[in-house]
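Chemist: So here's model06.cif, just mmCIF, C-alpha atoms:
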```cif
data_my_file
#
loop_
_atom_site.group_PDB
_atom_site.id
_atom_site.type_symbol
_atom_site.label_atom_id
_atom_site.label_comp_id
_atom_site.auth_asym_id
_atom_site.auth_seq_id
_atom_site.Cartn_x
_atom_site.Cartn_y
_atom_site.Cartn_z
ATOM 1 C CA MET E 1 11.802 37.090 19.115
ATOM 2 C CA ALA E 2 12.405 33.890 21.054
ATOM 3 C CA GLU E 3 9.858 31.220 21.860
ATOM 4 C CA ILE E 4 9.317 28.219 24.118
ATOM 5 C CA ARG E 5 7.549 25.187 22.664
ATOM 6 C CA HIS E 6 6.305 21.944 24.136
ATOM 7 C CA ARG E 7 4.178 19.050 22.907
ATOM 8 C CA VAL E 8 2.594 16.269 24.941
ATOM 9 C CA GLY E 9 0.085 13.569 24.032
ATOM 10 C CA ILE E 10 -2.660 13.025 26.592
ATOM 11 C CA LYS E 11 -5.023 10.082 26.945
ATOM 12 C CA GLY E 12 -8.146 12.201 27.185
ATOM 13 C CA SER E 13 -10.601 14.145 25.068
ATOM 14 C CA ALA E 14 -10.000 17.649 23.742
ATOM 15 C CA ALA E 15 -13.060 18.742 25.768
ATOM 16 C CA GLU E 16 -11.517 17.521 29.047
ATOM 17 C CA ILE E 17 -8.239 19.277 28.299
ATOM 18 C CA TYR E 18 -9.981 22.464 27.164
ATOM 19 C CA ALA E 19 -11.782 22.622 30.536
ATOM 20 C CA MET E 20 -8.406 22.357 32.290
ATOM 21 C CA LEU E 21 -7.205 25.413 30.343
ATOM 22 C CA THR E 22 -10.249 27.673 30.625
ATOM 23 C CA THR E 23 -11.608 27.423 34.187
ATOM 24 C CA ASP E 24 -10.169 28.303 37.595
ATOM 25 C CA ALA E 25 -11.027 24.790 38.799
ATOM 26 C CA GLY E 26 -9.165 23.211 35.886
ATOM 27 C CA LEU E 27 -6.096 25.487 35.868
ATOM 28 C CA SER E 28 -5.691 25.072 39.633
ATOM 29 C CA ARG E 29 -5.229 21.341 39.174
ATOM 30 C CA TRP E 30 -2.027 21.555 37.139
ATOM 31 C CA TRP E 31 -0.384 25.038 37.273
ATOM 32 C CA THR E 32 -1.087 26.715 40.601
ATOM 33 C CA THR E 33 -3.743 25.826 43.140
ATOM 34 C CA ASP E 34 -4.494 29.554 43.546
ATOM 35 C CA THR E 35 -5.921 30.581 40.163
ATOM 36 C CA ARG E 36 -8.516 33.344 39.844
ATOM 37 C CA GLY E 37 -10.476 34.985 37.071
ATOM 38 C CA ALA E 38 -10.609 32.485 34.199
ATOM 39 C CA GLY E 39 -13.539 33.049 31.856
ATOM 40 C CA GLU E 40 -14.489 34.233 28.400
ATOM 41 C CA ALA E 41 -12.245 36.237 26.075
ATOM 42 C CA GLY E 42 -11.388 39.527 27.791
ATOM 43 C CA SER E 43 -11.147 38.017 31.263
ATOM 44 C CA VAL E 44 -7.878 38.375 33.167
ATOM 45 C CA ILE E 45 -6.554 35.303 34.970
ATOM 46 C CA HIS E 46 -4.307 35.767 38.005
ATOM 47 C CA PHE E 47 -2.001 32.876 38.763
ATOM 48 C CA VAL E 48 -0.800 33.191 42.351
ATOM 49 C CA PHE E 49 2.437 31.548 43.517
ATOM 50 C CA GLY E 50 2.739 32.363 47.197
ATOM 51 C CA ASN E 51 2.516 36.144 47.489
ATOM 52 C CA ASP E 52 2.381 37.051 43.849
ATOM 53 C CA GLY E 53 2.316 35.760 40.298
ATOM 54 C CA PRO E 54 1.616 36.581 36.672
ATOM 55 C CA CYS E 55 -1.646 37.652 35.025
ATOM 56 C CA PHE E 56 -2.815 36.803 31.520
ATOM 57 C CA GLU E 57 -5.705 38.189 29.530
ATOM 58 C CA VAL E 58 -7.680 35.598 27.579
ATOM 59 C CA ILE E 59 -7.608 36.852 23.995
ATOM 60 C CA GLU E 60 -8.901 33.909 21.967
ATOM 61 C CA LEU E 61 -10.959 30.822 22.719
ATOM 62 C CA GLU E 62 -11.980 28.213 20.170
ATOM 63 C CA PRO E 63 -13.766 25.475 22.103
ATOM 64 C CA ASP E 64 -11.829 22.194 22.312
ATOM 65 C CA ARG E 65 -9.199 23.550 19.895
ATOM 66 C CA ARG E 66 -7.370 26.706 20.854
ATOM 67 C CA VAL E 67 -6.686 28.923 23.897
ATOM 68 C CA ARG E 68 -4.613 32.091 23.604
ATOM 69 C CA TRP E 69 -3.516 34.427 26.369
ATOM 70 C CA SER E 70 -1.662 37.728 26.332
ATOM 71 C CA HIS E 71 0.527 38.637 29.295
ATOM 72 C CA TYR E 72 -1.048 41.354 31.422
ATOM 73 C CA GLY E 73 0.613 43.572 34.017
ATOM 74 C CA ASP E 74 4.183 43.929 35.155
ATOM 75 C CA MET E 75 5.552 40.662 36.394
ATOM 76 C CA PRO E 76 7.694 38.871 35.696
ATOM 77 C CA ALA E 77 9.240 41.714 33.699
ATOM 78 C CA GLU E 78 10.610 39.307 31.062
ATOM 79 C CA TRP E 79 7.066 38.173 30.232
ATOM 80 C CA ARG E 80 5.811 41.618 29.222
ATOM 81 C CA GLY E 81 4.570 41.479 25.648
ATOM 82 C CA THR E 82 4.590 37.681 25.523
ATOM 83 C CA GLU E 83 1.749 35.380 24.532
ATOM 84 C CA VAL E 84 0.795 31.835 25.466
ATOM 85 C CA LEU E 85 -0.978 29.527 23.036
ATOM 86 C CA PHE E 86 -2.378 26.050 23.618
ATOM 87 C CA GLU E 87 -3.538 24.182 20.497
ATOM 88 C CA LEU E 88 -5.347 20.883 20.881
ATOM 89 C CA ASP E 89 -4.936 18.252 18.185
ATOM 90 C CA PRO E 90 -7.186 15.240 18.810
ATOM 91 C CA ARG E 91 -6.119 11.885 17.350
ATOM 92 C CA GLU E 92 -7.608 8.430 17.617
ATOM 93 C CA ASP E 93 -5.788 7.342 20.787
ATOM 94 C CA GLN E 94 -4.689 10.638 22.392
ATOM 95 C CA THR E 95 -4.999 14.410 22.168
ATOM 96 C CA PHE E 96 -1.835 16.364 21.491
ATOM 97 C CA VAL E 97 -1.319 19.682 23.247
ATOM 98 C CA ASN E 98 0.955 22.006 21.315
ATOM 99 C CA PHE E 99 2.148 24.745 23.635
ATOM 100 C CA ARG E 100 3.935 28.006 22.816
ATOM 101 C CA HIS E 101 5.090 30.872 24.985
ATOM 102 C CA SER E 102 6.213 33.340 22.341
ATOM 103 C CA ASN E 103 7.428 36.852 21.705
ATOM 104 C CA TRP E 104 10.246 36.906 24.269
ATOM 105 C CA ALA E 105 12.565 39.873 23.770
ATOM 106 C CA ASP E 106 15.485 38.086 25.438
ATOM 107 C CA ALA E 107 16.505 34.435 24.995
ATOM 108 C CA GLY E 108 18.523 34.273 28.218
ATOM 109 C CA ASP E 109 18.728 32.183 31.360
ATOM 110 C CA PHE E 110 15.204 33.023 32.466
ATOM 111 C CA LEU E 111 13.768 31.717 29.199
ATOM 112 C CA GLY E 112 15.729 28.490 29.792
ATOM 113 C CA HIS E 113 14.310 28.244 33.300
ATOM 114 C CA CYS E 114 10.752 28.870 32.104
ATOM 115 C CA SER E 115 11.123 26.372 29.272
ATOM 116 C CA THR E 116 12.032 23.574 31.675
ATOM 117 C CA LYS E 117 9.331 24.671 34.099
ATOM 118 C CA TRP E 118 6.612 24.800 31.410
ATOM 119 C CA GLY E 119 7.647 21.247 30.468
ATOM 120 C CA VAL E 120 7.119 20.183 34.069
ATOM 121 C CA PHE E 121 3.669 21.783 34.078
ATOM 122 C CA MET E 122 2.706 20.200 30.726
ATOM 123 C CA LEU E 123 3.459 16.832 32.324
ATOM 124 C CA SER E 124 1.399 17.933 35.331
ATOM 125 C CA LEU E 125 -1.527 18.656 32.975
ATOM 126 C CA LYS E 126 -1.053 15.226 31.345
ATOM 127 C CA SER E 127 -0.965 13.485 34.707
ATOM 128 C CA CYS E 128 -3.968 15.438 35.938
ATOM 129 C CA ILE E 129 -6.110 14.102 33.062
ATOM 130 C CA GLU E 130 -4.717 10.575 32.992
ATOM 131 C CA THR E 131 -4.435 9.813 36.699
ATOM 132 C CA GLY E 132 -6.684 12.449 38.294
ATOM 133 C CA ARG E 133 -3.709 14.026 40.018
ATOM 134 C CA GLY E 134 -1.498 16.830 38.716
ATOM 135 C CA GLN E 135 1.387 18.563 40.468
ATOM 136 C CA PRO E 136 0.383 22.229 40.625
ATOM 137 C CA TYR E 137 2.263 24.747 42.796
ATOM 138 C CA PRO E 138 2.975 24.351 45.714
ATOM 139 C CA ASP E 139 3.462 20.629 44.983
ATOM 140 C CA ASP E 140 5.283 21.222 41.713
ATOM 141 C CA VAL E 141 8.503 19.536 40.655
ATOM 142 C CA HIS E 142 11.455 21.820 41.462
ATOM 143 C CA ILE E 143 14.127 22.274 38.819
ATOM 144 C CA ASP E 144 16.698 24.201 40.878
ATOM 145 C CA PHE E 145 17.393 25.409 44.407
ATOM 146 C CA ASP E 146 16.399 29.037 43.890
ATOM 147 C CA GLU E 147 12.701 28.364 43.360
ATOM 148 C CA TYR E 148 10.389 29.717 46.020
ATOM 149 C CA SER E 149 13.317 30.216 48.376
ATOM 150 C CA MET K 150 16.704 29.426 13.140
ATOM 151 C CA ALA K 151 14.794 27.987 16.084
ATOM 152 C CA GLU K 152 16.246 26.772 19.345
ATOM 153 C CA ILE K 153 15.355 24.720 22.423
ATOM 154 C CA ARG K 154 16.606 25.927 25.792
ATOM 155 C CA HIS K 155 16.535 24.463 29.269
ATOM 156 C CA ARG K 156 18.096 25.363 32.607
ATOM 157 C CA VAL K 157 18.306 23.242 35.746
ATOM 158 C CA GLY K 158 20.176 23.718 39.019
ATOM 159 C CA ILE K 159 21.888 20.590 40.325
ATOM 160 C CA LYS K 160 23.226 19.890 43.797
ATOM 161 C CA GLY K 161 26.614 18.682 42.615
ATOM 162 C CA SER K 162 29.959 19.910 41.376
ATOM 163 C CA ALA K 163 30.672 21.030 37.832
ATOM 164 C CA ALA K 164 33.233 18.204 37.631
ATOM 165 C CA GLU K 165 30.608 15.551 38.439
ATOM 166 C CA ILE K 166 28.213 16.949 35.842
ATOM 167 C CA TYR K 167 30.959 17.325 33.241
ATOM 168 C CA ALA K 168 31.762 13.611 33.625
ATOM 169 C CA MET K 169 28.086 12.798 32.980
ATOM 170 C CA LEU K 170 28.288 14.721 29.688
ATOM 171 C CA THR K 171 31.608 13.474 28.356
ATOM 172 C CA THR K 172 31.837 9.732 28.995
ATOM 173 C CA ASP K 173 29.808 6.729 27.815
ATOM 174 C CA ALA K 174 29.373 5.674 31.454
ATOM 175 C CA GLY K 175 28.015 9.090 32.421
ATOM 176 C CA LEU K 176 25.768 9.685 29.399
ATOM 177 C CA SER K 177 24.275 6.194 29.732
ATOM 178 C CA ARG K 178 22.996 7.080 33.199
ATOM 179 C CA TRP K 179 20.633 9.849 32.079
ATOM 180 C CA TRP K 180 19.971 9.853 28.299
ATOM 181 C CA THR K 181 20.167 6.309 26.922
ATOM 182 C CA THR K 182 21.704 3.255 28.528
ATOM 183 C CA ASP K 183 23.250 2.353 25.154
ATOM 184 C CA THR K 184 25.754 5.171 24.508
ATOM 185 C CA ARG K 185 28.956 4.553 22.551
ATOM 186 C CA GLY K 186 31.960 6.578 21.465
ATOM 187 C CA ALA K 187 32.209 9.523 23.869
ATOM 188 C CA GLY K 188 35.703 10.985 24.095
ATOM 189 C CA GLU K 189 37.822 13.963 23.150
ATOM 190 C CA ALA K 190 36.896 16.598 20.575
ATOM 191 C CA GLY K 191 36.491 14.871 17.210
ATOM 192 C CA SER K 192 34.925 11.730 18.647
ATOM 193 C CA VAL K 193 31.464 10.706 17.436
ATOM 194 C CA ILE K 194 28.967 9.580 20.050
ATOM 195 C CA HIS K 195 26.183 7.207 19.036
ATOM 196 C CA PHE K 196 23.085 7.322 21.217
ATOM 197 C CA VAL K 197 21.089 4.142 20.630
ATOM 198 C CA PHE K 198 17.351 4.005 21.349
ATOM 199 C CA GLY K 199 16.259 0.460 20.521
ATOM 200 C CA ASN K 200 17.363 -0.203 16.960
ATOM 201 C CA ASP K 201 18.719 3.192 16.066
ATOM 202 C CA GLY K 202 19.420 6.708 17.304
ATOM 203 C CA PRO K 203 21.263 9.939 16.634
ATOM 204 C CA CYS K 204 25.006 10.587 16.473
ATOM 205 C CA PHE K 205 26.805 13.729 17.551
ATOM 206 C CA GLU K 206 30.399 14.794 16.976
ATOM 207 C CA VAL K 207 32.095 16.381 19.972
ATOM 208 C CA ILE K 208 33.314 19.736 18.700
ATOM 209 C CA GLU K 209 34.290 21.619 21.853
ATOM 210 C CA LEU K 210 35.222 20.632 25.401
ATOM 211 C CA GLU K 211 36.179 23.051 28.140
ATOM 212 C CA PRO K 212 36.616 20.976 31.295
ATOM 213 C CA ASP K 213 33.919 21.542 33.921
ATOM 214 C CA ARG K 214 32.473 24.419 31.865
ATOM 215 C CA ARG K 215 31.335 23.689 28.345
ATOM 216 C CA VAL K 216 30.437 20.763 26.080
ATOM 217 C CA ARG K 217 29.412 21.301 22.474
ATOM 218 C CA TRP K 218 28.247 18.709 19.953
ATOM 219 C CA SER K 219 27.381 18.946 16.286
ATOM 220 C CA HIS K 220 24.783 16.583 14.861
ATOM 221 C CA TYR K 221 26.380 13.882 12.700
ATOM 222 C CA GLY K 222 24.708 11.644 10.145
ATOM 223 C CA ASP K 223 21.189 11.439 8.851
ATOM 224 C CA MET K 224 18.732 10.861 11.648
ATOM 225 C CA PRO K 225 16.474 12.251 12.768
ATOM 226 C CA ALA K 226 16.306 14.319 9.583
ATOM 227 C CA GLU K 227 15.129 17.411 11.492
ATOM 228 C CA TRP K 228 18.348 17.408 13.542
ATOM 229 C CA ARG K 229 20.678 17.757 10.532
ATOM 230 C CA GLY K 230 22.766 20.899 10.972
ATOM 231 C CA THR K 231 21.791 21.345 14.620
ATOM 232 C CA GLU K 232 24.103 21.760 17.601
ATOM 233 C CA VAL K 233 23.820 20.925 21.275
ATOM 234 C CA LEU K 234 25.533 23.017 23.945
ATOM 235 C CA PHE K 235 25.788 22.392 27.677
ATOM 236 C CA GLU K 236 27.215 25.266 29.749
ATOM 237 C CA LEU K 237 27.950 24.700 33.421
ATOM 238 C CA ASP K 238 27.631 27.634 35.791
ATOM 239 C CA PRO K 239 28.774 26.723 39.326
ATOM 240 C CA ARG K 240 27.296 28.692 42.237
ATOM 241 C CA GLU K 241 27.715 28.355 45.962
ATOM 242 C CA ASP K 242 24.900 25.860 46.547
ATOM 243 C CA GLN K 243 24.294 24.321 43.132
ATOM 244 C CA THR K 244 25.615 24.122 39.564
ATOM 245 C CA PHE K 245 23.367 25.417 36.815
ATOM 246 C CA VAL K 246 23.269 23.574 33.513
ATOM 247 C CA ASN K 247 22.280 25.823 30.621
ATOM 248 C CA PHE K 248 21.247 23.651 27.700
ATOM 249 C CA ARG K 249 20.643 24.616 24.078
ATOM 250 C CA HIS K 250 19.734 22.585 21.029
ATOM 251 C CA SER K 251 20.042 25.199 18.316
ATOM 252 C CA ASN K 252 19.986 25.809 14.587
ATOM 253 C CA TRP K 253 16.696 24.059 13.817
ATOM 254 C CA ALA K 254 15.440 24.877 10.318
ATOM 255 C CA ASP K 255 11.817 24.185 11.272
ATOM 256 C CA ALA K 256 10.070 25.192 14.510
ATOM 257 C CA GLY K 257 7.287 22.632 14.161
ATOM 258 C CA ASP K 258 5.689 19.835 16.162
ATOM 259 C CA PHE K 259 8.869 17.786 16.324
ATOM 260 C CA LEU K 260 10.756 20.688 17.925
ATOM 261 C CA GLY K 261 7.952 20.902 20.512
ATOM 262 C CA HIS K 262 8.242 17.173 21.178
ATOM 263 C CA CYS K 263 12.033 17.347 21.518
ATOM 264 C CA SER K 264 11.811 20.392 23.788
ATOM 265 C CA THR K 265 9.607 18.556 26.262
ATOM 266 C CA LYS K 266 11.723 15.424 25.971
ATOM 267 C CA TRP K 267 15.010 17.304 26.551
ATOM 268 C CA GLY K 268 13.397 18.789 29.680
ATOM 269 C CA VAL K 269 12.634 15.284 30.898
ATOM 270 C CA PHE K 270 16.242 14.238 30.290
ATOM 271 C CA MET K 271 17.648 17.365 32.019
ATOM 272 C CA LEU K 272 15.651 16.306 35.081
ATOM 273 C CA SER K 273 17.020 12.779 34.641
ATOM 274 C CA LEU K 274 20.565 14.249 34.704
ATOM 275 C CA LYS K 275 19.693 16.232 37.840
ATOM 276 C CA SER K 276 18.241 13.164 39.540
ATOM 277 C CA CYS K 277 21.201 11.031 38.503
ATOM 278 C CA ILE K 278 23.619 13.365 40.320
ATOM 279 C CA GLU K 279 21.439 14.112 43.328
ATOM 280 C CA THR K 280 19.977 10.673 44.045
ATOM 281 C CA GLY K 281 22.310 8.343 42.147
ATOM 282 C CA ARG K 282 19.477 7.313 39.841
ATOM 283 C CA GLY K 283 18.499 8.909 36.541
ATOM 284 C CA GLN K 284 15.809 7.811 34.100
ATOM 285 C CA PRO K 285 17.635 7.070 30.850
ATOM 286 C CA TYR K 286 15.958 5.243 27.939
ATOM 287 C CA PRO K 287 14.406 2.638 28.164
ATOM 288 C CA ASP K 288 13.193 3.797 31.608
ATOM 289 C CA ASP K 289 12.539 7.376 30.488
ATOM 290 C CA VAL K 290 9.390 9.364 31.234
ATOM 291 C CA HIS K 291 7.031 9.141 28.244
ATOM 292 C CA ILE K 292 5.381 12.326 27.041
ATOM 293 C CA ASP K 293 2.929 10.846 24.526
ATOM 294 C CA PHE K 294 1.641 7.511 23.237
ATOM 295 C CA ASP K 295 3.622 7.457 19.996
ATOM 296 C CA GLU K 296 7.021 7.067 21.638
ATOM 297 C CA TYR K 297 8.793 3.788 20.983
ATOM 298 C CA SER K 298 5.557 2.240 19.775
#
```
Re-express the file's structure as structure tokens.
Modeler:
Amino acid sequence: MAEIRHRVGIKGSAAEIYAMLTTDAGLSRWWTTDTRGAGEAGSVIHFVFGNDGPCFEVIELEPDRRVRWSHYGDMPAEWRGTEVLFELDPREDQTFVNFRHSNWADAGDFLGHCSTKWGVFMLSLKSCIETGRGQPYPDDVHIDFDEYS
Amino acid sequence: MAEIRHRVGIKGSAAEIYAMLTTDAGLSRWWTTDTRGAGEAGSVIHFVFGNDGPCFEVIELEPDRRVRWSHYGDMPAEWRGTEVLFELDPREDQTFVNFRHSNWADAGDFLGHCSTKWGVFMLSLKSCIETGRGQPYPDDVHIDFDEYS
């Protein structure tokens, strides 16, 4: 199975970052402005990009340390069966976020696209904490000319 | 073996992008300003970041389509035995660059770091072609507070 990984170091506490990963208000500041349903383990979060978007079920929460989601529903088809994991690693001068989107059946072009795009959103999360301003959809950085066309 | 993938769509011809991947002048506009040795298959390119940096041997060139490098030398240690592949896929309104850095023995934190950083440099390549200005080292986007410290 294929996997996407990223790692960024953020000037902020693990608690601040954890809030950005576990609440609608936080998630809407760096991934998509239209985020609904974030909550305790068992909740299903819907991330809306225009007319539609993916859902994830929250399957594990360890406060200020670990957030794990399992893909829920049908779209995008390539994400069925995949999981997303955020691990927070606080250090003296920054908190590292280790990100994984794992369990991909196919390591093709769409995985490449999503890898670059997750990188963009990890930098949006970093910017959101450090400057107060992220770049969530629909103000996200575009990586090609097919996006949202 | 683990692998990093990225995919960006660039408003530019495959020939323009190919030149950015196969000449010192091109590579120095998006990865590091101090790039030496790019040439035909068999040449060894040294990418200098401050005092040091990695080398790659050019092992395959298919004009306007495919560029493949094999890591050469000792640093960083985690890159020994790895390969980098750029595949260009021209479409009507853009050229896709499919990037892979493959054959990693360890899928750890450093792979996560390099994945995010390669994403940043793929966007630097895109910007270089589309706006005339990339963000090569030492003007690259930083993703944590350990870089070049």
Chemist: Kindly resolve the PyMOL selection byres ((chain K and resi 168) around 12) on the present coordinates and return the residues as an NGL selection string.
Modeler: :K and (161-167 or 169-179 or 187-188 or 210-216 or 237 or 274 or 277-278)
Chemist: Can you turn the PyMOL selection byres ((chain K) within 12 of (chain E)) into a concrete residue list for this file, as a PDB file with C-alpha atoms, in the frame of the given file?
Modeler:
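Generated output (out.pdb):
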```pdb
ATOM      1  CA  MET K 150      16.704  29.426  13.140  1.00  0.00           C
ATOM      2  CA  ALA K 151      14.794  27.987  16.084  1.00  0.00           C
ATOM      3  CA  GLU K 152      16.246  26.772  19.345  1.00  0.00           C
ATOM      4  CA  ILE K 153      15.355  24.720  22.423  1.00  0.00           C
ATOM      5  CA  ARG K 154      16.606  25.927  25.792  1.00  0.00           C
ATOM      6  CA  HIS K 155      16.535  24.463  29.269  1.00  0.00           C
ATOM      7  CA  ARG K 156      18.096  25.363  32.607  1.00  0.00           C
ATOM      8  CA  VAL K 157      18.306  23.242  35.746  1.00  0.00           C
ATOM      9  CA  GLY K 158      20.176  23.718  39.019  1.00  0.00           C
ATOM     10  CA  ILE K 159      21.888  20.590  40.325  1.00  0.00           C
ATOM     11  CA  LYS K 160      23.226  19.890  43.797  1.00  0.00           C
ATOM     12  CA  GLY K 161      26.614  18.682  42.615  1.00  0.00           C
ATOM     13  CA  PHE K 235      25.788  22.392  27.677  1.00  0.00           C
ATOM     14  CA  GLU K 236      27.215  25.266  29.749  1.00  0.00           C
ATOM     15  CA  ASP K 238      27.631  27.634  35.791  1.00  0.00           C
ATOM     16  CA  ARG K 240      27.296  28.692  42.237  1.00  0.00           C
ATOM     17  CA  GLU K 241      27.715  28.355  45.962  1.00  0.00           C
ATOM     18  CA  ASP K 242      24.900  25.860  46.547  1.00  0.00           C
ATOM     19  CA  GLN K 243      24.294  24.321  43.132  1.00  0.00           C
ATOM     20  CA  THR K 244      25.615  24.122  39.564  1.00  0.00           C
ATOM     21  CA  PHE K 245      23.367  25.417  36.815  1.00  0.00           C
ATOM     22  CA  VAL K 246      23.269  23.574  33.513  1.00  0.00           C
ATOM     23  CA  ASN K 247      22.280  25.823  30.621  1.00  0.00           C
ATOM     24  CA  PHE K 248      21.247  23.651  27.700  1.00  0.00           C
ATOM     25  CA  ARG K 249      20.643  24.616  24.078  1.00  0.00           C
ATOM     26  CA  HIS K 250      19.734  22.585  21.029  1.00  0.00           C
ATOM     27  CA  SER K 251      20.042  25.199  18.316  1.00  0.00           C
ATOM     28  CA  ALA K 256      10.070  25.192  14.510  1.00  0.00           C
ATOM     29  CA  GLY K 257       7.287  22.632  14.161  1.00  0.00           C
ATOM     30  CA  ASP K 258       5.689  19.835  16.162  1.00  0.00           C
ATOM     31  CA  PHE K 259       8.869  17.786  16.324  1.00  0.00           C
ATOM     32  CA  LEU K 260      10.756  20.688  17.925  1.00  0.00           C
ATOM     33  CA  GLY K 261       7.952  20.902  20.512  1.00  0.00           C
ATOM     34  CA  HIS K 262       8.242  17.173  21.178  1.00  0.00           C
ATOM     35  CA  CYS K 263      12.033  17.347  21.518  1.00  0.00           C
ATOM     36  CA  SER K 264      11.811  20.392  23.788  1.00  0.00           C
ATOM     37  CA  THR K 265       9.607  18.556  26.262  1.00  0.00           C
ATOM     38  CA  LYS K 266      11.723  15.424  25.971  1.00  0.00           C
ATOM     39  CA  TRP K 267      15.010  17.304  26.551  1.00  0.00           C
ATOM     40  CA  GLY K 268      13.397  18.789  29.680  1.00  0.00           C
ATOM     41  CA  VAL K 269      12.634  15.284  30.898  1.00  0.00           C
ATOM     42  CA  PHE K 270      16.242  14.238  30.290  1.00  0.00           C
ATOM     43  CA  MET K 271      17.648  17.365  32.019  1.00  0.00           C
ATOM     44  CA  LEU K 272      15.651  16.306  35.081  1.00  0.00           C
ATOM     45  CA  SER K 273      17.020  12.779  34.641  1.00  0.00           C
ATOM     46  CA  LEU K 274      20.565  14.249  34.704  1.00  0.00           C
ATOM     47  CA  LYS K 275      19.693  16.232  37.840  1.00  0.00           C
ATOM     48  CA  SER K 276      18.241  13.164  39.540  1.00  0.00           C
ATOM     49  CA  GLU K 279      21.439  14.112  43.328  1.00  0.00           C
ATOM     50  CA  VAL K 290       9.390   9.364  31.234  1.00  0.00           C
ATOM     51  CA  HIS K 291       7.031   9.141  28.244  1.00  0.00           C
ATOM     52  CA  ILE K 292       5.381  12.326  27.041  1.00  0.00           C
ATOM     53  CA  ASP K 293       2.929  10.846  24.526  1.00  0.00           C
ATOM     54  CA  PHE K 294       1.641   7.511  23.237  1.00  0.00           C
ATOM     55  CA  ASP K 295       3.622   7.457  19.996  1.00  0.00           C
ATOM     56  CA  GLU K 296       7.021   7.067  21.638  1.00  0.00           C
TER      57      GLU K 296
END
```
Chemist: Using the chain letters and numbers from the file, which residues does the PyMOL selection byres ((chain E and resi 72-78) around 6) grab, as a PyMOL selection string?
Modeler: chain E and resi 54-57+71+79-80
Chemist: Take the residues just selected and output them with C-alpha atoms as a PDB file, keeping the file's coordinate frame.
Modeler:
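Output file result_35.pdb is given in full below:
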```pdb
ATOM      1  CA  PRO E  54       1.616  36.581  36.672  1.00  0.00           C
ATOM      2  CA  CYS E  55      -1.646  37.652  35.025  1.00  0.00           C
ATOM      3  CA  PHE E  56      -2.815  36.803  31.520  1.00  0.00           C
ATOM      4  CA  GLU E  57      -5.705  38.189  29.530  1.00  0.00           C
ATOM      5  CA  HIS E  71       0.527  38.637  29.295  1.00  0.00           C
ATOM      6  CA  TRP E  79       7.066  38.173  30.232  1.00  0.00           C
ATOM      7  CA  ARG E  80       5.811  41.618  29.222  1.00  0.00           C
TER       8      ARG E  80
END
```
Chemist: Just checking: using all atoms listed in the file, which residue out of K:Thr181, K:Asn252, K:Thr231, K:Ser219 ends up closest to Phe198 of chain K?
Modeler: K:Thr181
Chemist: Which residue is closest to Trp31 of chain E? Choose from E:Leu85, E:Ile59, E:Ala105, E:Val48 and count all atoms listed in the file.
Modeler: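 Using all atoms listed in the file, Trp31 of chain E sits closest to E:Val48.
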Chemist: Calculate how many Å separate atom CA of Glu83 of chain E from atom CA of Asp255 of chain K, rounding to one decimal.
Modeler: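 Computing the Euclidean distance for atom CA of Glu83 of chain E and atom CA of Asp255 of chain K yields 20.1 Å.
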